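The file entry15.pdb comes next; it holds PDB, C-alpha atoms.
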ATOM      1  CA  MET B   6     -76.231 -65.043 109.996
ATOM      2  CA  ALA B   7     -76.819 -61.644 108.489
ATOM      3  CA  ILE B   8     -80.200 -59.999 108.886
ATOM      4  CA  GLY B   9     -82.139 -60.420 105.665
ATOM      5  CA  LEU B  10     -85.595 -60.057 104.199
ATOM      6  CA  GLU B  11     -86.911 -63.180 105.938
ATOM      7  CA  HIS B  12     -86.194 -61.816 109.409
ATOM      8  CA  TYR B  13     -88.382 -58.789 108.813
ATOM      9  CA  LEU B  14     -91.096 -60.937 107.265
ATOM     10  CA  VAL B  15     -91.106 -63.176 110.344
ATOM     11  CA  VAL B  16     -91.520 -60.134 112.608
ATOM     12  CA  GLY B  17     -94.349 -58.954 110.365
ATOM     13  CA  ALA B  18     -96.025 -62.376 110.436
ATOM     14  CA  VAL B  19     -95.866 -62.637 114.225
ATOM     15  CA  LEU B  20     -97.144 -59.070 114.632
ATOM     16  CA  PHE B  21    -100.019 -59.792 112.234
ATOM     17  CA  SER B  22    -100.953 -62.937 114.148
ATOM     18  CA  LEU B  23    -100.959 -61.111 117.486
ATOM     19  CA  GLY B  24    -103.158 -58.403 115.938
ATOM     20  CA  ALA B  25    -105.544 -61.025 114.598
ATOM     21  CA  LEU B  26    -105.609 -62.654 118.042
ATOM     22  CA  THR B  27    -106.502 -59.303 119.607
ATOM     23  CA  VAL B  28    -109.298 -58.722 117.117
ATOM     24  CA  LEU B  29    -110.618 -62.264 117.603
ATOM     25  CA  THR B  30    -110.674 -62.437 121.389
ATOM     26  CA  ARG B  31    -111.286 -58.934 122.665
ATOM     27  CA  ARG B  32    -114.806 -57.782 123.426
ATOM     28  CA  ASN B  33    -113.849 -54.182 124.116
ATOM     29  CA  ALA B  34    -114.274 -52.060 120.979
ATOM     30  CA  ILE B  35    -111.147 -50.000 121.666
ATOM     31  CA  SER B  36    -109.061 -53.150 122.081
ATOM     32  CA  VAL B  37    -110.365 -54.396 118.749
ATOM     33  CA  LEU B  38    -109.196 -51.141 117.159
ATOM     34  CA  MET B  39    -105.769 -51.643 118.773
ATOM     35  CA  GLY B  40    -105.610 -55.067 117.106
ATOM     36  CA  VAL B  41    -106.377 -53.448 113.759
ATOM     37  CA  GLU B  42    -103.504 -51.019 114.302
ATOM     38  CA  LEU B  43    -101.159 -53.954 114.970
ATOM     39  CA  ILE B  44    -102.263 -55.599 111.717
ATOM     40  CA  LEU B  45    -101.705 -52.382 109.742
ATOM     41  CA  ASN B  46     -98.223 -52.018 111.257
ATOM     42  CA  SER B  47     -97.299 -55.559 110.263
ATOM     43  CA  ALA B  48     -98.403 -54.886 106.694
ATOM     44  CA  ASN B  49     -96.252 -51.751 106.689
ATOM     45  CA  ILE B  50     -93.193 -53.684 107.862
ATOM     46  CA  ASN B  51     -93.648 -56.009 104.901
ATOM     47  CA  TYR B  52     -94.037 -53.098 102.451
ATOM     48  CA  VAL B  53     -90.884 -51.367 103.626
ATOM     49  CA  ALA B  54     -88.871 -54.596 103.882
ATOM     50  CA  PHE B  55     -89.767 -55.627 100.333
ATOM     51  CA  SER B  56     -89.045 -52.098  99.134
ATOM     52  CA  HIS B  57     -85.598 -52.261 100.729
ATOM     53  CA  TYR B  58     -84.547 -55.768  99.771
ATOM     54  CA  THR B  59     -86.191 -56.563  96.455
ATOM     55  CA  SER B  60     -86.290 -53.286  94.557
ATOM     56  CA  ALA B  61     -84.187 -50.185  94.270
ATOM     57  CA  SER B  62     -87.231 -47.894  94.359
ATOM     58  CA  VAL B  63     -89.186 -46.258  97.174
ATOM     59  CA  ASP B  64     -92.623 -47.410  95.957
ATOM     60  CA  GLY B  65     -93.103 -49.641  98.991
ATOM     61  CA  GLN B  66     -92.349 -46.763 101.324
ATOM     62  CA  ILE B  67     -94.951 -44.617  99.574
ATOM     63  CA  TYR B  68     -97.573 -47.330 100.045
ATOM     64  CA  ALA B  69     -96.550 -47.508 103.701
ATOM     65  CA  ILE B  70     -97.159 -43.760 104.038
ATOM     66  CA  PHE B  71    -100.600 -44.128 102.455
ATOM     67  CA  VAL B  72    -101.406 -46.939 104.896
ATOM     68  CA  ILE B  73    -100.294 -44.826 107.870
ATOM     69  CA  MET B  74    -102.457 -41.961 106.659
ATOM     70  CA  LEU B  75    -105.531 -44.160 106.210
ATOM     71  CA  ALA B  76    -104.866 -45.661 109.648
ATOM     72  CA  ALA B  77    -105.048 -42.163 111.107
ATOM     73  CA  ALA B  78    -108.403 -41.554 109.396
ATOM     74  CA  GLU B  79    -109.632 -44.975 110.533
ATOM     75  CA  ALA B  80    -108.617 -44.320 114.134
ATOM     76  CA  ALA B  81    -110.346 -40.927 114.198
ATOM     77  CA  VAL B  82    -113.626 -42.188 112.738
ATOM     78  CA  GLY B  83    -113.538 -45.498 114.608
ATOM     79  CA  LEU B  84    -113.004 -43.910 117.989
ATOM     80  CA  ALA B  85    -115.669 -41.297 117.285
ATOM     81  CA  ILE B  86    -118.081 -44.167 116.627
ATOM     82  CA  VAL B  87    -116.934 -45.844 119.858
ATOM     83  CA  LEU B  88    -117.672 -42.661 121.779
ATOM     84  CA  ALA B  89    -121.112 -42.401 120.183
ATOM     85  CA  ILE B  90    -121.838 -46.042 121.075
ATOM     86  CA  PHE B  91    -120.705 -45.407 124.638
ATOM     87  CA  ARG B  92    -123.052 -42.435 124.928
ATOM     88  CA  ILE B  93    -126.032 -44.488 123.793
ATOM     89  CA  PHE B  94    -125.384 -47.909 125.367
ATOM     90  CA  HIS B  95    -123.139 -46.868 128.301
ATOM     91  CA  THR B  96    -120.807 -49.712 127.404
ATOM     92  CA  ILE B  97    -118.387 -50.406 124.584
ATOM     93  CA  ASP B  98    -118.641 -54.160 124.797
ATOM     94  CA  VAL B  99    -119.143 -55.192 121.186
ATOM     95  CA  GLU B 100    -121.524 -57.972 122.206
ATOM     96  CA  ALA B 101    -123.788 -55.550 124.044
ATOM     97  CA  ALA B 102    -123.908 -53.035 121.214
ATOM     98  CA  GLU B 103    -125.413 -55.127 118.476
ATOM     99  CA  THR B 104    -128.041 -52.824 117.072
ATOM    100  CA  LEU B 105    -127.510 -49.659 115.081
ATOM    101  CA  LYS B 106    -129.907 -47.562 117.166
ATOM    102  CA  GLU B 107    -131.416 -47.514 120.622
TER
ATOM    103  CA  MET P  18     -72.576 -61.247 115.671
ATOM    104  CA  ASP P  19     -72.507 -57.824 114.127
ATOM    105  CA  PRO P  20     -74.093 -54.781 115.836
ATOM    106  CA  GLY P  21     -76.854 -54.489 113.241
ATOM    107  CA  ALA P  22     -78.098 -57.971 114.053
ATOM    108  CA  ILE P  23     -78.037 -57.285 117.800
ATOM    109  CA  ILE P  24     -80.039 -54.076 117.310
ATOM    110  CA  PHE P  25     -82.506 -55.877 115.053
ATOM    111  CA  TYR P  26     -83.121 -58.654 117.573
ATOM    112  CA  ALA P  27     -83.484 -56.151 120.430
ATOM    113  CA  ILE P  28     -86.067 -54.154 118.469
ATOM    114  CA  ALA P  29     -87.871 -57.318 117.374
ATOM    115  CA  VAL P  30     -88.165 -58.443 120.997
ATOM    116  CA  VAL P  31     -89.578 -55.035 121.992
ATOM    117  CA  VAL P  32     -92.089 -55.037 119.113
ATOM    118  CA  ILE P  33     -93.362 -58.555 119.670
ATOM    119  CA  GLY P  34     -93.294 -58.322 123.461
ATOM    120  CA  SER P  35     -95.354 -55.142 123.439
ATOM    121  CA  ALA P  36     -97.766 -56.635 120.922
ATOM    122  CA  ALA P  37     -98.173 -59.651 123.198
ATOM    123  CA  VAL P  38     -99.028 -57.320 126.093
ATOM    124  CA  VAL P  39    -101.633 -55.639 123.858
ATOM    125  CA  ALA P  40    -103.141 -59.030 123.088
ATOM    126  CA  PHE P  41    -103.020 -60.548 126.584
ATOM    127  CA  SER P  42    -103.133 -57.778 129.191
ATOM    128  CA  ARG P  43    -106.117 -57.762 131.504
ATOM    129  CA  ASN P  44    -106.088 -53.992 131.926
ATOM    130  CA  ILE P  45    -106.860 -51.864 128.891
ATOM    131  CA  ILE P  46    -104.584 -49.066 130.114
ATOM    132  CA  TYR P  47    -101.607 -51.433 129.965
ATOM    133  CA  SER P  48    -102.683 -52.498 126.477
ATOM    134  CA  ALA P  49    -102.881 -48.897 125.318
ATOM    135  CA  PHE P  50     -99.510 -47.928 126.751
ATOM    136  CA  SER P  51     -97.720 -50.999 125.418
ATOM    137  CA  LEU P  52     -98.873 -50.015 121.933
ATOM    138  CA  LEU P  53     -96.226 -47.289 122.355
ATOM    139  CA  GLY P  54     -93.511 -49.964 122.423
ATOM    140  CA  THR P  55     -94.845 -51.575 119.273
ATOM    141  CA  PHE P  56     -95.165 -48.323 117.329
ATOM    142  CA  ALA P  57     -91.748 -47.005 118.399
ATOM    143  CA  GLY P  58     -90.137 -50.383 117.696
ATOM    144  CA  VAL P  59     -91.641 -50.499 114.217
ATOM    145  CA  ALA P  60     -90.188 -47.018 113.623
ATOM    146  CA  GLY P  61     -86.805 -48.475 114.638
ATOM    147  CA  LEU P  62     -87.238 -51.283 112.105
ATOM    148  CA  TYR P  63     -87.934 -48.667 109.411
ATOM    149  CA  VAL P  64     -84.668 -46.929 110.307
ATOM    150  CA  LEU P  65     -82.812 -50.243 110.015
ATOM    151  CA  LEU P  66     -84.422 -50.708 106.597
ATOM    152  CA  GLY P  67     -83.125 -47.332 105.415
ATOM    153  CA  ALA P  68     -86.591 -45.711 105.345
ATOM    154  CA  ASP P  69     -85.854 -42.543 107.293
ATOM    155  CA  PHE P  70     -88.906 -40.560 106.178
ATOM    156  CA  VAL P  71     -91.345 -43.387 106.886
ATOM    157  CA  ALA P  72     -89.813 -43.776 110.347
ATOM    158  CA  ALA P  73     -90.370 -40.071 111.060
ATOM    159  CA  VAL P  74     -93.957 -40.308 109.777
ATOM    160  CA  GLN P  75     -94.515 -43.369 111.963
ATOM    161  CA  VAL P  76     -93.367 -41.530 115.081
ATOM    162  CA  LEU P  77     -95.344 -38.383 114.234
ATOM    163  CA  ILE P  78     -98.648 -40.013 113.282
ATOM    164  CA  TYR P  79     -98.751 -43.277 115.219
ATOM    165  CA  VAL P  80     -97.008 -42.327 118.446
ATOM    166  CA  GLY P  81     -98.017 -38.663 118.410
ATOM    167  CA  GLY P  82    -101.504 -39.009 116.983
ATOM    168  CA  ILE P  83    -103.205 -42.388 116.956
ATOM    169  CA  LEU P  84    -101.881 -43.457 120.354
ATOM    170  CA  ILE P  85    -103.111 -40.216 121.917
ATOM    171  CA  ILE P  86    -106.550 -40.654 120.340
ATOM    172  CA  ILE P  87    -106.735 -44.228 121.661
ATOM    173  CA  LEU P  88    -105.754 -43.098 125.146
ATOM    174  CA  PHE P  89    -108.369 -40.335 124.993
ATOM    175  CA  ALA P  90    -111.013 -42.868 123.990
ATOM    176  CA  VAL P  91    -110.000 -45.202 126.826
ATOM    177  CA  MET P  92    -110.161 -42.403 129.371
ATOM    178  CA  LEU P  93    -113.479 -41.088 128.042
ATOM    179  CA  THR P  94    -115.244 -44.444 128.012
ATOM    180  CA  HIS P  95    -114.142 -45.853 131.366
ATOM    181  CA  ARG P  96    -114.526 -44.566 134.854
ATOM    182  CA  ILE P  97    -110.830 -44.293 135.473
ATOM    183  CA  THR P  98    -111.273 -44.362 139.231
ATOM    184  CA  ASP P  99    -112.591 -47.909 139.027
ATOM    185  CA  VAL P 100    -110.022 -50.380 140.229
ATOM    186  CA  GLU P 101    -110.954 -52.917 137.624
ATOM    187  CA  ILE P 102    -110.925 -51.524 134.124
ATOM    188  CA  THR P 103    -112.386 -54.276 132.060
ATOM    189  CA  ASN P 104    -110.657 -55.629 129.037
ATOM    190  CA  ARG P 105    -112.606 -58.797 128.545
ATOM    191  CA  ALA P 106    -111.429 -61.537 126.212
ATOM    192  CA  VAL P 107    -113.450 -64.587 125.264
ATOM    193  CA  GLY P 108    -112.529 -67.850 123.573
ATOM    194  CA  ARG P 109    -108.854 -67.324 124.204
ATOM    195  CA  GLY P 110    -107.798 -70.992 124.156
ATOM    196  CA  PRO P 111    -108.984 -71.837 120.629
ATOM    197  CA  ALA P 112    -107.866 -68.426 119.377
ATOM    198  CA  VAL P 113    -104.321 -68.914 120.693
ATOM    199  CA  VAL P 114    -104.133 -72.348 119.034
ATOM    200  CA  LEU P 115    -105.410 -70.915 115.741
ATOM    201  CA  THR P 116    -102.960 -68.016 115.947
ATOM    202  CA  ALA P 117    -100.016 -70.328 116.661
ATOM    203  CA  LEU P 118    -100.988 -72.410 113.638
ATOM    204  CA  LEU P 119    -101.227 -69.223 111.566
ATOM    205  CA  ILE P 120     -97.716 -68.145 112.648
ATOM    206  CA  VAL P 121     -96.281 -71.579 111.785
ATOM    207  CA  LEU P 122     -98.001 -71.544 108.404
ATOM    208  CA  LEU P 123     -96.846 -68.018 107.513
ATOM    209  CA  VAL P 124     -93.249 -68.583 108.642
ATOM    210  CA  GLN P 125     -93.085 -71.905 106.812
ATOM    211  CA  ALA P 126     -94.449 -70.319 103.636
ATOM    212  CA  LEU P 127     -92.038 -67.409 103.668
ATOM    213  CA  ARG P 128     -89.043 -69.612 104.432
ATOM    214  CA  GLU P 129     -89.746 -71.908 101.516
ATOM    215  CA  THR P 130     -90.293 -69.120  99.017
ATOM    216  CA  SER P 131     -87.225 -67.972  97.137
ATOM    217  CA  TRP P 132     -87.571 -64.198  97.037
ATOM    218  CA  ILE P 133     -86.047 -62.131  94.268
ATOM    219  CA  LYS P 134     -83.256 -60.140  95.870
ATOM    220  CA  ALA P 135     -82.005 -56.804  94.662
ATOM    221  CA  LYS P 136     -78.356 -56.643  93.662
ATOM    222  CA  GLU P 137     -77.531 -54.128  96.336
ATOM    223  CA  THR P 138     -79.406 -52.314  99.062
ATOM    224  CA  SER P 139     -78.928 -48.613  99.519
ATOM    225  CA  TYR P 140     -79.134 -46.438 102.605
ATOM    226  CA  ALA P 141     -79.409 -43.069 100.857
ATOM    227  CA  PRO P 142     -81.797 -40.371 102.161
ATOM    228  CA  THR P 143     -85.258 -40.984 100.725
ATOM    229  CA  THR P 144     -87.195 -37.802 101.503
ATOM    230  CA  THR P 145     -86.460 -36.011  98.209
ATOM    231  CA  THR P 146     -87.338 -39.081  96.144
ATOM    232  CA  ILE P 147     -90.588 -39.613  98.043
ATOM    233  CA  GLY P 148     -91.550 -35.949  97.651
ATOM    234  CA  ASP P 149     -90.861 -36.036  93.933
ATOM    235  CA  MET P 150     -92.868 -39.224  93.456
ATOM    236  CA  PHE P 151     -95.826 -37.849  95.431
ATOM    237  CA  LEU P 152     -96.038 -34.867  93.092
ATOM    238  CA  GLU P 153     -95.364 -36.762  89.886
ATOM    239  CA  HIS P 154     -96.210 -40.422  89.784
ATOM    240  CA  TYR P 155     -98.611 -40.576  92.733
ATOM    241  CA  LEU P 156    -100.278 -37.185  92.323
ATOM    242  CA  LEU P 157    -103.852 -38.501  91.995
ATOM    243  CA  PRO P 158    -103.672 -40.859  95.021
ATOM    244  CA  PHE P 159    -102.034 -38.034  96.969
ATOM    245  CA  GLU P 160    -104.894 -35.643  96.241
ATOM    246  CA  LEU P 161    -107.479 -38.364  96.920
ATOM    247  CA  ALA P 162    -105.764 -39.022 100.240
ATOM    248  CA  SER P 163    -106.159 -35.401 101.261
ATOM    249  CA  LEU P 164    -109.847 -35.624 100.346
ATOM    250  CA  VAL P 165    -110.225 -38.806 102.433
ATOM    251  CA  LEU P 166    -108.602 -37.066 105.401
ATOM    252  CA  LEU P 167    -110.975 -34.109 105.063
ATOM    253  CA  VAL P 168    -114.002 -36.397 104.908
ATOM    254  CA  ALA P 169    -112.750 -38.393 107.906
ATOM    255  CA  LEU P 170    -112.222 -35.193 109.886
ATOM    256  CA  ILE P 171    -115.731 -33.906 109.182
ATOM    257  CA  GLY P 172    -117.242 -37.335 109.776
ATOM    258  CA  ALA P 173    -115.498 -37.827 113.105
ATOM    259  CA  ALA P 174    -116.568 -34.379 114.293
ATOM    260  CA  THR P 175    -120.162 -34.985 113.199
ATOM    261  CA  ILE P 176    -120.408 -38.409 114.843
ATOM    262  CA  SER P 177    -118.873 -37.441 118.154
ATOM    263  CA  ARG P 178    -120.626 -34.131 118.761
ATOM    264  CA  LYS P 179    -123.501 -33.995 121.168
ATOM    265  CA  GLU P 180    -127.004 -34.210 119.729
ATOM    266  CA  THR P 181    -128.864 -30.997 120.400
ATOM    267  CA  LYS P 182    -132.599 -31.348 120.821
ATOM    268  CA  GLU P 183    -134.491 -28.403 119.406
TER
END

Here is a file; write its structure as structure tokens.
Amino acid sequence: MAIGLEHYLVVGAVLFSLGALTVLTRRNAISVLMGVELILNSANINYVAFSHYTSASVDGQIYAIFVIMLAAAEAAVGLAIVLAIFRIFHTIDVEAAETLKE
Amino acid sequence: MDPGAIIFYAIAVVVIGSAAVVAFSRNIIYSAFSLLGTFAGVAGLYVLLGADFVAAVQVLIYVGGILIIILFAVMLTHRITDVEITNRAVGRGPAVVLTALLIVLLVQALRETSWIKAKETSYAPTTTTIGDMFLEHYLLPFELASLVLLVALIGAATISRKETKE
């Protein structure tokens, strides 16, 4: 059986579900951010797979590049916030840090 | 079985296996390092899909940038000499059941849908086309993206700097 669109979509679906599982169960803020990165990667797989198999254009790839770029911005700001939370609460457990200030 | 299929399945196993380690590992260092397998494997999938430029961007930004930032954050927020680096997870049983149901639902849905297929798939270099489209069709989003990156840079620096009491 030749590799087709569905194979890539299945990989994307499984990757998305594992990312959602990470976000749901983890209580460490950095692990939650890792789950978000997994979800963004799965969305990108779908963009590029659809771009390759259902259209002759590179529009999907351009969206994937935009997503990667926003993921970089999200990681920088998110981890800066994590560091600020760690400095104030001395933990990055998301259940312990439930207020916006000390 | 043709070589392309073997390579695809090998990469898929690496991607999903690493993602499972991210989701289930008890040590956050292992989670952070196994993200490398996921990101590099996804870059391999892009190459198989004929998206050479996106694959290069993936390696440069995800593996070279985001992964390093995550590792920095892990090292800065844990006492690395501690034997037990916590990576607590709660409610794992119900979450695993829900996730399994989600996978079944998604796979079922995408198997039953009849997707519109292109007549032929091409493996031509894409960098020139992407560059042209960024400066023609997607010029406004491109410029907005640079603005977003600037704002994120300033914001991250402002949030993470030390407060100075005067």

Original post:
Restricting the calculation to all atoms listed in the file, which member of P:Leu152, P:Leu88, P:Leu122, P:Ile33 is positioned closest to chain B?
Top reply: P:Ile33

Original post:
What does the ChimeraX specification (/P :<8) & /B select in this file, as an NGL selection string?
Top reply: :B and (6-8 or 11 or 14-16 or 18-20 or 22-27 or 29-33 or 35-36 or 39-40 or 43 or 46 or 50 or 53-54 or 57-61 or 63 or 66-67 or 69-71 or 73-75 or 77-82 or 84-89 or 91 or 96-97)

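Among the candidates B:Leu45, B:Val72, B:Tyr52, B:Val37, the one nearest to Leu10 (chain B) when counting only C-alpha atoms is B:Tyr52.
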
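Minimum atom-to-atom distance to Gly58 (chain P), evaluated using only C-alpha atoms, belongs to B:Ser47 out of B:Asp98, B:Ser47, B:Arg92, B:Phe21.
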
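Straight-line separation from CA of Val80 (chain P) to CA of Gly61 (chain P): 12.5 Å.
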
Subject >> One-decimal distance in Å that lies between CA of Ile46 (chain P) and CA of Ile24 (chain P) >> reply: 28.1 Å
